[in-house]
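Quick notes on the structure that follows.
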Amino acid sequence: MSYLKNRFKAFVFAFSGLRLAFKSEINLQLQLIIAAFVITAGIYLSITKNEWFAILLCITLVISLEMFNSAIEKLCDLYTKEHNPKIKYIKDVCAGAVFIASVFAAIIGAMVFWPYITRLI
(Lines give C-alpha, C1' and ligand atoms only; values in the text may rest on other atoms or scores of the structure.)
Protein backbone atom coordinates (compact mmCIF):
# COMPACT_ATOMS: atom_id res chain seq x y z
CA MET A 1 0.00 0.00 0.00
CA SER A 2 2.86 2.40 0.66
CA TYR A 3 4.01 1.96 -2.95
CA LEU A 4 0.68 3.34 -4.24
CA LYS A 5 0.74 6.08 -1.63
CA ASN A 6 4.24 7.10 -2.77
CA ARG A 7 3.17 7.09 -6.44
CA PHE A 8 0.21 9.30 -5.58
CA LYS A 9 2.49 11.70 -3.70
CA ALA A 10 4.81 11.81 -6.73
CA PHE A 11 1.89 12.90 -8.92
CA VAL A 12 0.85 15.52 -6.37
CA PHE A 13 4.40 16.93 -6.35
CA ALA A 14 4.52 16.90 -10.16
CA PHE A 15 1.24 18.79 -10.49
CA SER A 16 2.39 21.22 -7.81
CA GLY A 17 5.54 21.85 -9.86
CA LEU A 18 3.49 22.46 -13.00
CA ARG A 19 1.20 24.89 -11.16
CA LEU A 20 4.13 26.78 -9.63
CA ALA A 21 6.02 27.00 -12.91
CA PHE A 22 3.06 28.22 -14.95
CA LYS A 23 2.05 30.65 -12.21
CA SER A 24 5.46 32.27 -11.80
CA GLU A 25 7.26 32.01 -15.16
CA ILE A 26 6.18 34.57 -17.78
CA ASN A 27 7.90 32.66 -20.62
CA LEU A 28 5.92 29.54 -19.75
CA GLN A 29 2.69 31.54 -19.70
CA LEU A 30 3.50 32.92 -23.15
CA GLN A 31 4.37 29.47 -24.46
CA LEU A 32 1.10 28.11 -23.04
CA ILE A 33 -0.82 30.84 -24.88
CA ILE A 34 1.02 30.02 -28.11
CA ALA A 35 0.36 26.30 -27.57
CA ALA A 36 -3.37 26.99 -27.05
CA PHE A 37 -3.43 29.05 -30.25
CA VAL A 38 -1.65 26.28 -32.20
CA ILE A 39 -3.97 23.59 -30.81
CA THR A 40 -7.00 25.72 -31.70
CA ALA A 41 -5.65 26.20 -35.23
CA GLY A 42 -5.02 22.46 -35.52
CA ILE A 43 -8.61 21.69 -34.51
CA TYR A 44 -10.01 24.35 -36.85
CA LEU A 45 -7.91 23.16 -39.80
CA SER A 46 -8.43 19.44 -39.05
CA ILE A 47 -4.75 18.54 -39.26
CA THR A 48 -3.85 14.86 -39.66
CA LYS A 49 -2.90 12.45 -36.90
CA ASN A 50 0.78 12.59 -37.90
CA GLU A 51 0.68 16.38 -37.93
CA TRP A 52 -0.86 16.32 -34.44
CA PHE A 53 1.96 14.08 -33.31
CA ALA A 54 4.57 16.54 -34.60
CA ILE A 55 2.79 19.58 -33.15
CA LEU A 56 2.21 18.04 -29.72
CA LEU A 57 5.78 16.75 -29.62
CA CYS A 58 7.07 20.27 -30.31
CA ILE A 59 4.81 21.82 -27.68
CA THR A 60 5.93 19.25 -25.12
CA LEU A 61 9.59 19.72 -25.99
CA VAL A 62 9.52 23.52 -25.72
CA ILE A 63 7.51 23.62 -22.48
CA SER A 64 9.59 20.88 -20.86
CA LEU A 65 12.87 22.57 -21.77
CA GLU A 66 11.56 25.90 -20.53
CA MET A 67 10.68 24.28 -17.20
CA PHE A 68 14.18 22.77 -16.94
CA ASN A 69 15.65 26.16 -17.84
CA SER A 70 13.61 27.89 -15.14
CA ALA A 71 14.54 25.31 -12.52
CA ILE A 72 18.24 25.51 -13.36
CA GLU A 73 18.13 29.32 -13.23
CA LYS A 74 16.54 29.16 -9.76
CA LEU A 75 19.18 26.66 -8.65
CA CYS A 76 21.97 28.90 -9.95
CA ASP A 77 20.44 31.88 -8.14
CA LEU A 78 20.54 29.90 -4.89
CA TYR A 79 24.28 29.46 -5.41
CA THR A 80 25.00 33.15 -5.96
CA LYS A 81 23.30 36.35 -7.04
CA GLU A 82 26.63 37.94 -7.94
CA HIS A 83 27.94 37.88 -11.50
CA ASN A 84 29.75 34.60 -12.06
CA PRO A 85 30.99 33.63 -15.55
CA LYS A 86 30.33 29.94 -14.90
CA ILE A 87 26.74 30.61 -13.78
CA LYS A 88 26.26 32.87 -16.82
CA TYR A 89 27.49 30.04 -19.05
CA ILE A 90 25.03 27.58 -17.47
CA LYS A 91 22.10 29.99 -17.82
CA ASP A 92 23.00 30.95 -21.39
CA VAL A 93 23.39 27.34 -22.52
CA CYS A 94 20.02 26.44 -21.01
CA ALA A 95 18.39 29.44 -22.68
CA GLY A 96 20.05 28.39 -25.95
CA ALA A 97 18.50 24.93 -25.67
CA VAL A 98 15.05 26.47 -25.29
CA PHE A 99 15.76 28.75 -28.25
CA ILE A 100 16.78 25.83 -30.49
CA ALA A 101 13.65 23.88 -29.51
CA SER A 102 11.49 26.96 -30.16
CA VAL A 103 13.00 27.51 -33.61
CA PHE A 104 12.52 23.80 -34.39
CA ALA A 105 8.89 24.03 -33.23
CA ALA A 106 8.31 27.12 -35.37
CA ILE A 107 9.74 25.35 -38.43
CA ILE A 108 7.57 22.27 -37.83
CA GLY A 109 4.57 24.54 -37.26
CA ALA A 110 5.22 26.32 -40.55
CA MET A 111 5.61 23.00 -42.38
CA VAL A 112 2.35 21.68 -40.94
CA PHE A 113 0.19 24.80 -41.21
CA TRP A 114 1.47 26.45 -44.40
CA PRO A 115 -0.42 24.17 -46.82
CA TYR A 116 -3.66 24.72 -44.88
CA ILE A 117 -3.16 28.49 -44.78
CA THR A 118 -2.45 28.71 -48.52
CA ARG A 119 -5.68 26.77 -49.22
CA LEU A 120 -7.64 29.30 -47.15
CA ILE A 121 -6.21 32.28 -49.05
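So you can find residues: chains in the C-alpha coordinates are A, B, ... in the order shown, residues in each start at 1, and ligands are numbered from 1 in order.
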Pull the closest atom pair for each residue of segment 19-74 of chain A that gets at most 12 Å from segment 88-102 of chain A, along with the distance in Å to one decimal, counting only C-alpha atoms, ordering rows by chain and then ascending residue number, as CSV.
```
residue,atom,partner,partner_atom,distance
A:Asn27,CA,A:Val98,CA,10.6
A:Leu28,CA,A:Val98,CA,11.1
A:Gln31,CA,A:Ser102,CA,9.5
A:Ile34,CA,A:Ser102,CA,11.1
A:Ala35,CA,A:Ser102,CA,11.5
A:Ile55,CA,A:Ser102,CA,11.8
A:Leu57,CA,A:Ala101,CA,10.6
A:Cys58,CA,A:Ala101,CA,7.5
A:Ile59,CA,A:Ser102,CA,8.8
A:Thr60,CA,A:Ala101,CA,10.0
A:Leu61,CA,A:Ala101,CA,6.8
A:Val62,CA,A:Ala101,CA,5.6
A:Ile63,CA,A:Val98,CA,8.5
A:Ser64,CA,A:Val98,CA,9.0
A:Leu65,CA,A:Val98,CA,5.7
A:Glu66,CA,A:Val98,CA,5.9
A:Met67,CA,A:Val98,CA,9.5
A:Phe68,CA,A:Cys94,CA,8.0
A:Asn69,CA,A:Cys94,CA,5.4
A:Ser70,CA,A:Cys94,CA,8.8
A:Ala71,CA,A:Cys94,CA,10.2
A:Ile72,CA,A:Lys91,CA,7.4
A:Glu73,CA,A:Lys91,CA,6.1
A:Lys74,CA,A:Lys91,CA,9.8
```
Original post:
Could you name the residues that touch Phe113 of chain A at 12 Å or less, counting only C-alpha atoms, but leaving out those on the same chain fewer than 3 positions away, as a PyMOL selection string?
Top reply: chain A and resi 38-48+51-52+54-55+105-110+116-120
The selected residues should be written to file as a PDB file, in the first residue's frame (atoms: N, CA and C atoms).
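This is the output file again-v7.pdb:
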```
ATOM      1  N   VAL A  38      -2.020  27.310 -31.219  1.00  0.00           N
ATOM      2  CA  VAL A  38      -1.651  26.279 -32.205  1.00  0.00           C
ATOM      3  C   VAL A  38      -2.633  25.110 -32.150  1.00  0.00           C
ATOM      4  N   ILE A  39      -3.009  24.688 -30.949  1.00  0.00           N
ATOM      5  CA  ILE A  39      -3.970  23.589 -30.811  1.00  0.00           C
ATOM      6  C   ILE A  39      -5.321  23.991 -31.396  1.00  0.00           C
ATOM      7  N   THR A  40      -5.743  25.220 -31.132  1.00  0.00           N
ATOM      8  CA  THR A  40      -7.004  25.715 -31.696  1.00  0.00           C
ATOM      9  C   THR A  40      -6.939  25.730 -33.224  1.00  0.00           C
ATOM     10  N   ALA A  41      -5.819  26.182 -33.770  1.00  0.00           N
ATOM     11  CA  ALA A  41      -5.649  26.196 -35.228  1.00  0.00           C
ATOM     12  C   ALA A  41      -5.669  24.775 -35.783  1.00  0.00           C
ATOM     13  N   GLY A  42      -5.022  23.852 -35.073  1.00  0.00           N
ATOM     14  CA  GLY A  42      -5.017  22.459 -35.522  1.00  0.00           C
ATOM     15  C   GLY A  42      -6.412  21.861 -35.557  1.00  0.00           C
ATOM     16  N   ILE A  43      -7.221  22.182 -34.543  1.00  0.00           N
ATOM     17  CA  ILE A  43      -8.605  21.691 -34.514  1.00  0.00           C
ATOM     18  C   ILE A  43      -9.402  22.319 -35.656  1.00  0.00           C
ATOM     19  N   TYR A  44      -9.278  23.630 -35.808  1.00  0.00           N
ATOM     20  CA  TYR A  44     -10.015  24.346 -36.850  1.00  0.00           C
ATOM     21  C   TYR A  44      -9.659  23.840 -38.247  1.00  0.00           C
ATOM     22  N   LEU A  45      -8.369  23.577 -38.472  1.00  0.00           N
ATOM     23  CA  LEU A  45      -7.906  23.162 -39.797  1.00  0.00           C
ATOM     24  C   LEU A  45      -7.948  21.648 -40.002  1.00  0.00           C
ATOM     25  N   SER A  46      -8.339  20.910 -38.978  1.00  0.00           N
ATOM     26  CA  SER A  46      -8.434  19.438 -39.048  1.00  0.00           C
ATOM     27  C   SER A  46      -7.130  18.812 -39.544  1.00  0.00           C
ATOM     28  N   ILE A  47      -6.029  19.114 -38.856  1.00  0.00           N
ATOM     29  CA  ILE A  47      -4.752  18.541 -39.262  1.00  0.00           C
ATOM     30  C   ILE A  47      -4.764  17.027 -39.027  1.00  0.00           C
ATOM     31  N   THR A  48      -3.875  16.329 -39.713  1.00  0.00           N
ATOM     32  CA  THR A  48      -3.849  14.863 -39.662  1.00  0.00           C
ATOM     33  C   THR A  48      -3.271  14.358 -38.333  1.00  0.00           C
ATOM     34  N   GLU A  51       0.414  14.968 -38.180  1.00  0.00           N
ATOM     35  CA  GLU A  51       0.681  16.384 -37.927  1.00  0.00           C
ATOM     36  C   GLU A  51       0.436  16.718 -36.454  1.00  0.00           C
ATOM     37  N   TRP A  52      -0.624  16.134 -35.869  1.00  0.00           N
ATOM     38  CA  TRP A  52      -0.862  16.321 -34.436  1.00  0.00           C
ATOM     39  C   TRP A  52       0.312  15.807 -33.622  1.00  0.00           C
ATOM     40  N   ALA A  54       3.444  15.603 -34.480  1.00  0.00           N
ATOM     41  CA  ALA A  54       4.570  16.535 -34.599  1.00  0.00           C
ATOM     42  C   ALA A  54       4.325  17.805 -33.783  1.00  0.00           C
ATOM     43  N   ILE A  55       3.116  18.347 -33.874  1.00  0.00           N
ATOM     44  CA  ILE A  55       2.791  19.580 -33.151  1.00  0.00           C
ATOM     45  C   ILE A  55       2.844  19.362 -31.643  1.00  0.00           C
ATOM     46  N   ALA A 105      10.352  24.086 -33.303  1.00  0.00           N
ATOM     47  CA  ALA A 105       8.889  24.032 -33.225  1.00  0.00           C
ATOM     48  C   ALA A 105       8.254  24.985 -34.239  1.00  0.00           C
ATOM     49  N   ALA A 106       8.836  26.164 -34.405  1.00  0.00           N
ATOM     50  CA  ALA A 106       8.310  27.121 -35.375  1.00  0.00           C
ATOM     51  C   ALA A 106       8.434  26.585 -36.799  1.00  0.00           C
ATOM     52  N   ILE A 107       9.544  25.938 -37.092  1.00  0.00           N
ATOM     53  CA  ILE A 107       9.740  25.352 -38.433  1.00  0.00           C
ATOM     54  C   ILE A 107       8.724  24.244 -38.674  1.00  0.00           C
ATOM     55  N   ILE A 108       8.556  23.356 -37.697  1.00  0.00           N
ATOM     56  CA  ILE A 108       7.575  22.273 -37.828  1.00  0.00           C
ATOM     57  C   ILE A 108       6.171  22.865 -37.971  1.00  0.00           C
ATOM     58  N   GLY A 109       5.869  23.890 -37.161  1.00  0.00           N
ATOM     59  CA  GLY A 109       4.565  24.541 -37.263  1.00  0.00           C
ATOM     60  C   GLY A 109       4.328  25.123 -38.651  1.00  0.00           C
ATOM     61  N   ALA A 110       5.337  25.755 -39.203  1.00  0.00           N
ATOM     62  CA  ALA A 110       5.217  26.316 -40.554  1.00  0.00           C
ATOM     63  C   ALA A 110       5.011  25.211 -41.584  1.00  0.00           C
ATOM     64  N   TYR A 116      -2.288  24.402 -45.249  1.00  0.00           N
ATOM     65  CA  TYR A 116      -3.662  24.722 -44.876  1.00  0.00           C
ATOM     66  C   TYR A 116      -3.947  26.211 -45.048  1.00  0.00           C
ATOM     67  N   ILE A 117      -2.997  27.027 -44.677  1.00  0.00           N
ATOM     68  CA  ILE A 117      -3.162  28.489 -44.775  1.00  0.00           C
ATOM     69  C   ILE A 117      -3.253  28.919 -46.239  1.00  0.00           C
ATOM     70  N   THR A 118      -2.408  28.329 -47.098  1.00  0.00           N
ATOM     71  CA  THR A 118      -2.455  28.708 -48.519  1.00  0.00           C
ATOM     72  C   THR A 118      -3.765  28.295 -49.164  1.00  0.00           C
ATOM     73  N   ARG A 119      -4.376  27.190 -48.689  1.00  0.00           N
ATOM     74  CA  ARG A 119      -5.678  26.772 -49.218  1.00  0.00           C
ATOM     75  C   ARG A 119      -6.783  27.747 -48.808  1.00  0.00           C
ATOM     76  N   LEU A 120      -6.624  28.361 -47.642  1.00  0.00           N
ATOM     77  CA  LEU A 120      -7.643  29.299 -47.154  1.00  0.00           C
ATOM     78  C   LEU A 120      -7.578  30.638 -47.887  1.00  0.00           C
TER      79      LEU A 120
END
```
